[in-house]
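Undergrad: Starting off with a structure, shown below.
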Amino acid sequence: MSPEARRQAAAEGDGAPRIERVTDARIPTDLGVFRLHLFEIADDPQDHLALVLGHLGDGEDVLVRVHSACFTGEVLGSRRCDCGEQLAGAMERVAAEGRGAILYLNQEGRGIGLREKLRAYNLQDEGLDTVDANLALGHGADERDYSVAATILRHLGVRSVRLMTNNPAKIDSLEARGIAVRERVPLLVPVTAENAPYLRTKAAKLRHLLGPRAGRSGGEA
Ligand SMILES: [Zn+2]
């Protein structure tokens with residue numbers, strides 16, 4: 001463990017997972033010059049990333065997206081889901097503000113991995129929705145773990161966030177781990193024939209908020 005990681009672990013006290021920033025690098029994009037940080041976290045076989053723009057300063061009210069990897073949506077532009085558009089939208093908002101962070105968590109397919117996600121797609125093509133397909137394969141409806149997000153945010157010095165999300169589970173998870181969520185910033189994508197069933201299921205079964213209302217508790221009423 002590096003001296004920096006040891007100091008961080010000590011600051012977080014016992015019980016918090018050990019986190020180490022392995023390296024970081026400059027990533028120039030059409031939207032601006034980001035810095036990509038790569039983290040290793042105790043007992044987690046995956047590396048996780050944070051794409052940061054500007055100086056996070058006092059760590060208050062930082063515009064943040066907690067994003068889960070989606071090879072099919074982001075790299076291939078698959079229309080089955082809205083991940084590619086959500087990632088691009090989050091980068092655009094952070095760039096417009098000149099300050100913010102996008103956490104990129106390696107938990108493909110709501111945590112079941114690419115192999116099982118592709119199997120779930122076949123079940124969806126036979127008529128199951130995205131939740132029932134995962135359940136039919138013996139998985140939970142959503143196996144993602146957002147505790148790593150709070151650990152990374154703390155390491156970056158972030159104390160409070162304006163969270164770009166439609167998913168109340170992410171808000172609850174960050175707040176339970178000591179990161180204040182000051183505002184929810186909706187990330188809405190255009191509905192198409194291909195993604196409509198997926199978006200409907202996320203709203204109906206996974207409590208996602210797909211209306212335009214923003215605010216700390218917007219849409220929950
Ligand atoms: Zn996706």
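Labeling convention for the structure tokens: chains A, B, ... as they appear, residues from 1 per chain, ligands from 1 in order of appearance.
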I'd like the contact shell of Ser173 (chain A) - 10 Å cut-off, only C-alpha atoms, skipping same-chain residues fewer than 4 positions apart - returned as a VMD selection string.
TA: chain A and resid 145 to 150 168 to 169 177 to 179
Undergrad: Could the residues that lie within 6 Å of ligand 1, counting only C-alpha atoms and all ligand atoms, be listed as number ranges by chain?
TA: A: 70, 73, 81-83
Undergrad: Just N, CA and C atoms for this one: save the residues we selected as a compact mmCIF listing (two decimals), in the first residue's frame.
TA:
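Dumped to part-v2.txt:
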```
# COMPACT_ATOMS: atom_id res chain seq x y z
N CYS A 70 -21.00 -0.42 -19.80
CA CYS A 70 -21.91 -1.09 -20.72
C CYS A 70 -21.24 -1.15 -22.08
N GLY A 73 -23.74 -0.76 -25.11
CA GLY A 73 -24.35 0.56 -25.28
C GLY A 73 -23.34 1.64 -25.60
N CYS A 81 -30.38 -0.13 -24.77
CA CYS A 81 -30.34 0.58 -23.49
C CYS A 81 -29.93 2.03 -23.74
N ASP A 82 -29.86 2.80 -22.66
CA ASP A 82 -29.58 4.23 -22.77
C ASP A 82 -28.20 4.59 -22.21
N CYS A 83 -27.34 3.58 -22.00
CA CYS A 83 -26.06 3.84 -21.32
C CYS A 83 -25.13 4.76 -22.10
```
Undergrad: Please compute the CA of Glu20 (chain A)-CA of Arg162 (chain A) distance, one decimal, in Å.
TA: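 According to the coordinates, CA of Glu20 (chain A) and CA of Arg162 (chain A) are separated by 24.6 Å.
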Undergrad: If you run DSSP on this backbone, which residues of region 28-198 of chain A come out as alpha helix (DSSP H), and could you give them as a PyMOL selection string?
TA: chain A and resi 83-97+113-125+130-136+147-155+168-176+196-198
Undergrad: Which one of A:Arg184, A:Arg26, A:Arg119, A:Arg21 sits closest to Glu40 (chain A) if you count only C-alpha atoms?
TA: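 Distance minimum relative to Glu40 (chain A) lands on A:Arg21.
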Undergrad: Out of chain A, which residues get strand (DSSP E or B) from DSSP, as a ChimeraX atom specification?
TA: /A:19-29,32-41,48-53,62-68,100-105,160-164,180-185
Undergrad: Considering only C-alpha atoms, can you say which of A:Thr23, A:Asp132, A:Leu38, A:Gly32 comes closest to Ile152 (chain A)?
TA: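 Among the listed residues, A:Leu38 lies closest to Ile152 (chain A).
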Undergrad: Using only C-alpha atoms, pick whichever of A:Thr29, A:Asn167, A:Thr201, A:Ser160 has the shortest atom-to-atom distance to Gln124 (chain A).
TA: A:Thr201
Undergrad: Name all residues at most 9 Å from Arg79 (chain A) (count only C-alpha atoms; drop same-chain ones fewer than 4 positions away) and give them as a list in words.
TA: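 Residues near the query, excluding close chain neighbours: Thr72, Gly73, Gly84, Thr192, Ala193, Glu194 and Asn195 of chain A.
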